[in-house]
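These notes concern the structure reproduced below.
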Amino acid sequence: MNLHNTSYPVTSGAEELVPSRYALKVGEIDVLVVSDGVLPLPTTMLAHNADPAVRATWLHDMFLPQDAFDWALNAVVVRSGGKTILIDAGLGSDPDLHLPRAGQLIKRLEAVGIDLGSVTDLVLTHLHMDHIGGLLVDGVKERLRPDLRIHVAAAEVKFWEAPDFSQTAMPPGFPDALRATAKRFVKEYGSQLRQFDEQHEVAPGVVVRRTGGHTPGHSVVRVASGGDALTFAGDAVFAVGFDQPDWHNGFEHDPEEAARVRVRLLRELAESGEMLVATHMPFPSVGHVAVAGDAFRWVPVFWDY
């Protein structure tokens with residue numbers, strides 16, 4: 001994995017003391033991880049099926065607060081084969097949910113010199129609002145290309161026609177917000193959706209694959225070039241999912257299947273040694289997966305700067 005010589009301009013704002021993007025190369029493909037901000041959510045969301053005492057011990061050992069902490073929210077830009085591909089679009093804005101520290105993606109893309117009109121393709125891991133909301137911010141659609149291709153699994157679009165929240169454990173207000181956002185998104189962008197069944201090559205070396213679990217159409221994106229590879233896992237993996245892969249996240253619509261997907265993906269990544277990036281791993285979330293007994297271990301890369 002070559003972290004040098006990416007083609008993104010280096011810019012920074014004096015007001016931004018913590019970096020919000022991280023660039024690397026996968027073979028000949030440029031990859032940029034961009035932070036959309038953070039979501040303050042209850043810690044019970046990490047593992048609603050776990051014994052509270054065991055969960056409390058995990059949080060203590062990770063030096064995290066017991067009640068709530070900030071979940072990272074990451075998106076990715078990929079350049080391959082003359083295409084500029086945005087993977088997920090951030091939260092956007094929903095003042096009713098009181099999440100003011102997220103929804104930063106659009107301005108951070110601008111800060112790094114990526115014009116919205118240059119994005120040729122958008123890949124959505126799934127249709128939860130923190131992955132599509134950025135496209136619903138006022139004025140964004142008018143700045144996108146009219147021929148923008150939005151790639152999403154057909155099973156995901158079908159699911160949100162009548163979504164099932166019976167196995168989730170979300171804070172109050174979230175189910176209604178998720179339903180409303182997905183409905184509005186499909187209404188506004190339905191004509192631009194390019195639906196696939198199981199797998200689709202978006203650009204040379206950029207393949208999106210449906211995993212299911214988190215949502216029926218949840219997908220991951222694998223970027224491969226010159227012997228290097230990186231998988232953007234969306235919401236298949238959370239910070240707790242390495243040493244506790246069987247813990248259920250509150251946003252999983254089929255938590256048991258999500259756990260099976262997580263274990264299968266982590267095994268694949270541990271065996272291949274390729275890079276992993278995930279939506280809610282601490283920014284920039286670039287690292288490797290190692291086997292640790294019956295579970296796994298997260299090995300973050302050393303930052304190159």
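Each chain of the structure tokens is named A, B, ... in the order shown, its residues numbered from 1; ligands are numbered from 1 in display order.
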Quick one: which segment 90-158 of chain A residues come within 12 Å of segment 49-70 of chain A, and what is the nearest atom pair for each with the distance in Å to one decimal, counting only C-alpha atoms, rows ordered by chain and ascending number, as JSON lines?
{"residue": "A:Leu99", "atom": "CA", "partner": "A:Asp70", "partner_atom": "CA", "distance": 10.4}
{"residue": "A:Pro100", "atom": "CA", "partner": "A:Asp70", "partner_atom": "CA", "distance": 11.8}
{"residue": "A:Arg101", "atom": "CA", "partner": "A:Asp70", "partner_atom": "CA", "distance": 9.4}
{"residue": "A:Ala102", "atom": "CA", "partner": "A:Asp70", "partner_atom": "CA", "distance": 10.1}
task: Fewer than 2 positions away in the same chain doesn't count, so skip those; otherwise give me all residues within 9 Å of segment 148-164 of chain A, counting only C-alpha atoms, as a PyMOL selection string.
output: chain A and resi 117+119-127+144-146+166-168+179+182-183+186+189-190+192-200+202+208-210+212+215-219+253
Which residues of segment 139-233 of chain A come within 12 Å of segment 104-114 of chain A, and for each one, what is the closest pair of atoms and their distance in Å to one decimal, counting only C-alpha atoms, sorted by chain and residue number, as a Markdown table?
| residue | atom | partner | partner_atom | distance |
| --- | --- | --- | --- | --- |
| A:Gly139 | CA | A:Ile106 | CA | 10.9 |
| A:Val140 | CA | A:Ile106 | CA | 8.4 |
| A:Lys141 | CA | A:Ile106 | CA | 11.6 |
| A:Arg143 | CA | A:Ile106 | CA | 11.0 |
| A:Leu144 | CA | A:Ile106 | CA | 11.5 |
- request: Could you please write out, as a PyMOL selection string, every residue of segment 81-300 of chain A that DSSP assigns to helix (DSSP H, G or I)?
  value: chain A and resi 95-97+105-111+116-118+129-136+140-143+154-159+174-192+239-241+255-272
Just the residues within 9 Å of Pro245 of chain A, please, counting only C-alpha atoms, with nothing from its chain fewer than 6 positions along; format it as a PDB file with all heavy atoms, in the first residue's frame.
ATOM      1  N   VAL A 237     -18.766  -3.339  10.014  1.00  0.00           N
ATOM      2  CA  VAL A 237     -17.806  -3.434  11.112  1.00  0.00           C
ATOM      3  C   VAL A 237     -17.843  -2.164  11.942  1.00  0.00           C
ATOM      4  O   VAL A 237     -17.810  -1.053  11.391  1.00  0.00           O
ATOM      5  CB  VAL A 237     -16.375  -3.654  10.573  1.00  0.00           C
ATOM      6  CG1 VAL A 237     -15.389  -3.748  11.725  1.00  0.00           C
ATOM      7  CG2 VAL A 237     -16.309  -4.903   9.708  1.00  0.00           C
ATOM      8  N   PHE A 238     -17.931  -2.331  13.247  1.00  0.00           N
ATOM      9  CA  PHE A 238     -17.843  -1.216  14.184  1.00  0.00           C
ATOM     10  C   PHE A 238     -16.627  -1.443  15.089  1.00  0.00           C
ATOM     11  O   PHE A 238     -16.042  -2.526  15.099  1.00  0.00           O
ATOM     12  CB  PHE A 238     -19.116  -1.120  15.040  1.00  0.00           C
ATOM     13  CG  PHE A 238     -20.355  -0.843  14.244  1.00  0.00           C
ATOM     14  CD1 PHE A 238     -21.070  -1.882  13.666  1.00  0.00           C
ATOM     15  CD2 PHE A 238     -20.805   0.452  14.048  1.00  0.00           C
ATOM     16  CE1 PHE A 238     -22.224  -1.643  12.924  1.00  0.00           C
ATOM     17  CE2 PHE A 238     -21.944   0.714  13.305  1.00  0.00           C
ATOM     18  CZ  PHE A 238     -22.648  -0.338  12.744  1.00  0.00           C
ATOM     19  N   ALA A 259     -23.943 -10.209  12.248  1.00  0.00           N
ATOM     20  CA  ALA A 259     -22.786 -10.799  12.933  1.00  0.00           C
ATOM     21  C   ALA A 259     -22.100 -11.827  12.048  1.00  0.00           C
ATOM     22  O   ALA A 259     -20.861 -11.893  11.995  1.00  0.00           O
ATOM     23  CB  ALA A 259     -23.228 -11.434  14.246  1.00  0.00           C
ATOM     24  N   ARG A 260     -22.887 -12.630  11.327  1.00  0.00           N
ATOM     25  CA  ARG A 260     -22.285 -13.610  10.420  1.00  0.00           C
ATOM     26  C   ARG A 260     -21.519 -12.913   9.295  1.00  0.00           C
ATOM     27  O   ARG A 260     -20.411 -13.335   8.923  1.00  0.00           O
ATOM     28  CB  ARG A 260     -23.370 -14.528   9.845  1.00  0.00           C
ATOM     29  CG  ARG A 260     -23.939 -15.520  10.855  1.00  0.00           C
ATOM     30  CD  ARG A 260     -24.826 -16.543  10.188  1.00  0.00           C
ATOM     31  NE  ARG A 260     -26.096 -15.985   9.764  1.00  0.00           N
ATOM     32  CZ  ARG A 260     -27.208 -15.972  10.514  1.00  0.00           C
ATOM     33  NH1 ARG A 260     -27.183 -16.480  11.750  1.00  0.00           N
ATOM     34  NH2 ARG A 260     -28.329 -15.453  10.059  1.00  0.00           N
ATOM     35  N   ARG A 262     -20.167  -9.957   9.446  1.00  0.00           N
ATOM     36  CA  ARG A 262     -18.990  -9.321  10.053  1.00  0.00           C
ATOM     37  C   ARG A 262     -17.853 -10.340  10.227  1.00  0.00           C
ATOM     38  O   ARG A 262     -16.706 -10.076   9.845  1.00  0.00           O
ATOM     39  CB  ARG A 262     -19.389  -8.714  11.400  1.00  0.00           C
ATOM     40  CG  ARG A 262     -18.297  -8.012  12.131  1.00  0.00           C
ATOM     41  CD  ARG A 262     -18.848  -7.050  13.163  1.00  0.00           C
ATOM     42  NE  ARG A 262     -19.936  -7.587  13.956  1.00  0.00           N
ATOM     43  CZ  ARG A 262     -21.226  -7.188  13.845  1.00  0.00           C
ATOM     44  NH1 ARG A 262     -21.562  -6.279  12.945  1.00  0.00           N
ATOM     45  NH2 ARG A 262     -22.160  -7.704  14.621  1.00  0.00           N
ATOM     46  N   VAL A 263     -18.174 -11.494  10.774  1.00  0.00           N
ATOM     47  CA  VAL A 263     -17.149 -12.513  11.003  1.00  0.00           C
ATOM     48  C   VAL A 263     -16.567 -12.990   9.675  1.00  0.00           C
ATOM     49  O   VAL A 263     -15.338 -13.125   9.534  1.00  0.00           O
ATOM     50  CB  VAL A 263     -17.738 -13.691  11.798  1.00  0.00           C
ATOM     51  CG1 VAL A 263     -16.755 -14.860  11.819  1.00  0.00           C
ATOM     52  CG2 VAL A 263     -18.074 -13.258  13.222  1.00  0.00           C
ATOM     53  N   ALA A 295     -11.458 -14.444  18.057  1.00  0.00           N
ATOM     54  CA  ALA A 295     -11.971 -13.166  17.557  1.00  0.00           C
ATOM     55  C   ALA A 295     -10.909 -12.517  16.682  1.00  0.00           C
ATOM     56  O   ALA A 295     -10.131 -13.185  16.011  1.00  0.00           O
ATOM     57  CB  ALA A 295     -12.375 -12.265  18.734  1.00  0.00           C
ATOM     58  N   PHE A 296     -10.872 -11.180  16.712  1.00  0.00           N
ATOM     59  CA  PHE A 296      -9.984 -10.458  15.796  1.00  0.00           C
ATOM     60  C   PHE A 296      -9.327  -9.293  16.518  1.00  0.00           C
ATOM     61  O   PHE A 296      -9.685  -8.940  17.640  1.00  0.00           O
ATOM     62  CB  PHE A 296     -10.775  -9.950  14.585  1.00  0.00           C
ATOM     63  CG  PHE A 296     -11.501 -11.037  13.848  1.00  0.00           C
ATOM     64  CD1 PHE A 296     -12.817 -11.358  14.177  1.00  0.00           C
ATOM     65  CD2 PHE A 296     -10.869 -11.754  12.846  1.00  0.00           C
ATOM     66  CE1 PHE A 296     -13.487 -12.377  13.514  1.00  0.00           C
ATOM     67  CE2 PHE A 296     -11.522 -12.769  12.176  1.00  0.00           C
ATOM     68  CZ  PHE A 296     -12.842 -13.081  12.511  1.00  0.00           C
TER      69      PHE A 296
END
message: Counting only C-alpha atoms, which residue out of A:Leu230, A:Val38, A:Ala180, A:Ala203 sits closest to Val26 of chain A?
response: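 So, comparing all the options, the nearest one is A:Leu230.
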message: Please report the interatomic distance between atom CA of Val76 of chain A and atom CA of His288 of chain A in Å with one decimal.
response: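 Separation between atom CA of Val76 of chain A and atom CA of His288 of chain A: 17.1 Å.
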Pairwise distance for atom CA of Ile132 of chain A and atom CA of Asp176 of chain A, rounded to one decimal in Å: 15.3 Å
query: Of the candidates A:Ala47, A:Val206, A:Val240, A:Ala229, which one gets nearest to Gly273 of chain A if we count only C-alpha atoms?
result: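 With only C-alpha atoms as the atom set, the closest residue is A:Ala229.
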field: Of the listed residues A:Val261, A:Val277, A:Ala177, A:Ala270, that which approaches Leu32 of chain A most closely, counting only C-alpha atoms
entry: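 Closest to Leu32 of chain A, using only C-alpha atoms: A:Val277.
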query: DSSP on the backbone: what in segment 209-239 of chain A comes out strand (DSSP E or B), as a list in words?
result: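 Restricting segment 209-239 of chain A to strand (DSSP E or B) produces Arg209, Arg210, Ser219, Val220, Val221, Arg222, Val223, Ala224, Ser225, Asp228, Ala229, Leu230, Thr231 and Phe232 of chain A.
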I need the chosen residues saved as a tab-separated table (two decimals), in the first residue's frame, with all heavy atoms.
chain	number	residue	atom	x	y	z
A	209	ARG	N	-20.17	-4.93	-3.63
A	209	ARG	CA	-20.72	-6.27	-3.42
A	209	ARG	C	-21.72	-6.26	-2.28
A	209	ARG	O	-21.44	-5.74	-1.20
A	209	ARG	CB	-19.58	-7.24	-3.11
A	209	ARG	CG	-20.00	-8.62	-2.63
A	209	ARG	CD	-18.81	-9.55	-2.55
A	209	ARG	NE	-17.79	-9.09	-1.62
A	209	ARG	CZ	-17.73	-9.50	-0.33
A	209	ARG	NH1	-18.63	-10.33	0.16
A	209	ARG	NH2	-16.75	-9.05	0.44
A	210	ARG	N	-22.89	-6.82	-2.52
A	210	ARG	CA	-23.92	-6.87	-1.47
A	210	ARG	C	-23.55	-7.92	-0.43
A	210	ARG	O	-23.19	-9.04	-0.77
A	210	ARG	CB	-25.28	-7.22	-2.08
A	210	ARG	CG	-26.44	-7.11	-1.08
A	210	ARG	CD	-27.77	-7.49	-1.70
A	210	ARG	NE	-27.89	-8.94	-1.85
A	210	ARG	CZ	-28.32	-9.77	-0.90
A	210	ARG	NH1	-28.67	-9.29	0.29
A	210	ARG	NH2	-28.42	-11.06	-1.12
A	219	SER	N	-23.95	-3.12	1.41
A	219	SER	CA	-22.88	-3.52	0.50
A	219	SER	C	-21.53	-2.99	0.98
A	219	SER	O	-21.47	-2.02	1.74
A	219	SER	CB	-23.16	-2.98	-0.91
A	219	SER	OG	-24.40	-3.46	-1.40
A	220	VAL	N	-20.47	-3.63	0.51
A	220	VAL	CA	-19.11	-3.17	0.75
A	220	VAL	C	-18.47	-2.88	-0.60
A	220	VAL	O	-18.92	-3.37	-1.63
A	220	VAL	CB	-18.28	-4.20	1.55
A	220	VAL	CG1	-18.94	-4.50	2.89
A	220	VAL	CG2	-18.09	-5.49	0.74
A	221	VAL	N	-17.42	-2.07	-0.59
A	221	VAL	CA	-16.74	-1.69	-1.82
A	221	VAL	C	-15.27	-2.09	-1.71
A	221	VAL	O	-14.58	-1.69	-0.75
A	221	VAL	CB	-16.86	-0.18	-2.08
A	221	VAL	CG1	-16.18	0.16	-3.41
A	221	VAL	CG2	-18.31	0.26	-2.09
A	222	ARG	N	-14.79	-2.86	-2.68
A	222	ARG	CA	-13.39	-3.27	-2.69
A	222	ARG	C	-12.66	-2.54	-3.82
A	222	ARG	O	-13.12	-2.51	-4.96
A	222	ARG	CB	-13.26	-4.78	-2.89
A	222	ARG	CG	-11.82	-5.30	-2.73
A	222	ARG	CD	-11.81	-6.82	-2.72
A	222	ARG	NE	-10.48	-7.34	-2.39
A	222	ARG	CZ	-9.59	-7.74	-3.30
A	222	ARG	NH1	-9.90	-7.67	-4.61
A	222	ARG	NH2	-8.42	-8.21	-2.93
A	223	VAL	N	-11.53	-1.94	-3.46
A	223	VAL	CA	-10.68	-1.22	-4.41
A	223	VAL	C	-9.40	-2.02	-4.55
A	223	VAL	O	-8.74	-2.31	-3.55
A	223	VAL	CB	-10.39	0.20	-3.91
A	223	VAL	CG1	-9.47	0.94	-4.88
A	223	VAL	CG2	-11.68	0.97	-3.68
A	224	ALA	N	-9.05	-2.42	-5.78
A	224	ALA	CA	-7.86	-3.24	-5.98
A	224	ALA	C	-7.09	-2.78	-7.20
A	224	ALA	O	-7.67	-2.49	-8.25
A	224	ALA	CB	-8.26	-4.71	-6.15
A	225	SER	N	-5.74	-2.69	-7.06
A	225	SER	CA	-4.89	-2.27	-8.17
A	225	SER	C	-3.45	-2.64	-7.85
A	225	SER	O	-2.98	-2.41	-6.72
A	225	SER	CB	-5.01	-0.77	-8.40
A	225	SER	OG	-4.04	-0.31	-9.32
A	228	ASP	N	-2.36	-4.33	-4.60
A	228	ASP	CA	-2.87	-3.72	-3.37
A	228	ASP	C	-4.39	-3.79	-3.37
A	228	ASP	O	-5.03	-3.82	-4.42
A	228	ASP	CB	-2.45	-2.26	-3.26
A	228	ASP	CG	-0.96	-2.09	-3.02
A	228	ASP	OD1	-0.34	-3.02	-2.49
A	228	ASP	OD2	-0.43	-1.02	-3.37
A	229	ALA	N	-4.98	-3.79	-2.17
A	229	ALA	CA	-6.44	-3.79	-2.08
A	229	ALA	C	-6.88	-3.14	-0.78
A	229	ALA	O	-6.17	-3.16	0.23
A	229	ALA	CB	-6.99	-5.21	-2.18
A	230	LEU	N	-8.06	-2.55	-0.83
A	230	LEU	CA	-8.68	-1.91	0.33
A	230	LEU	C	-10.18	-2.15	0.24
A	230	LEU	O	-10.77	-2.02	-0.83
A	230	LEU	CB	-8.38	-0.41	0.34
A	230	LEU	CG	-9.01	0.46	1.43
A	230	LEU	CD1	-8.09	1.65	1.75
A	230	LEU	CD2	-10.39	1.00	1.03
A	231	THR	N	-10.79	-2.50	1.36
A	231	THR	CA	-12.24	-2.68	1.40
A	231	THR	C	-12.88	-1.63	2.29
A	231	THR	O	-12.46	-1.45	3.45
A	231	THR	CB	-12.61	-4.09	1.94
A	231	THR	OG1	-12.22	-5.07	0.97
A	231	THR	CG2	-14.12	-4.20	2.17
A	232	PHE	N	-13.84	-0.90	1.72
A	232	PHE	CA	-14.66	0.01	2.53
A	232	PHE	C	-15.86	-0.80	2.99
A	232	PHE	O	-16.70	-1.20	2.19
A	232	PHE	CB	-15.09	1.23	1.72
A	232	PHE	CG	-15.93	2.20	2.52
A	232	PHE	CD1	-15.38	2.93	3.56
A	232	PHE	CD2	-17.28	2.37	2.24
A	232	PHE	CE1	-16.15	3.82	4.30
A	232	PHE	CE2	-18.05	3.26	2.97
A	232	PHE	CZ	-17.49	3.98	4.01
- request: Compare A:Gly234, A:Pro255, A:Pro40, A:Pro300 by their minimum atom-to-atom distance to Glu274 of chain A, counting only C-alpha atoms, and give me the closest one.
  value: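 Distance minimum relative to Glu274 of chain A lands on A:Pro300.
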field: Among the residues A:Ala233, A:Leu91, A:Val78, A:Val137, the one that comes closest to Glu28 of chain A [using only C-alpha atoms]
entry: A:Val78
message: If we count only C-alpha atoms and set the cut-off at 7 Å, which residues sit around Thr279 of chain A, ignoring sequence neighbours fewer than 4 positions away in its own chain? Please answer as a list in words.
response: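 The residues satisfying every condition are Leu73, Asn74, Ala75, Gly234 and Asp235 of chain A.
From atom CA of Trp298 of chain A back to atom CA of Arg79 of chain A, the distance works out to 26.5 Å.
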field: Residue among A:His131, A:His48, A:Lys187, A:Arg21 lying closest to Val77 of chain A, counting only C-alpha atoms
entry: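 Closest to Val77 of chain A of all the choices is A:Arg21.
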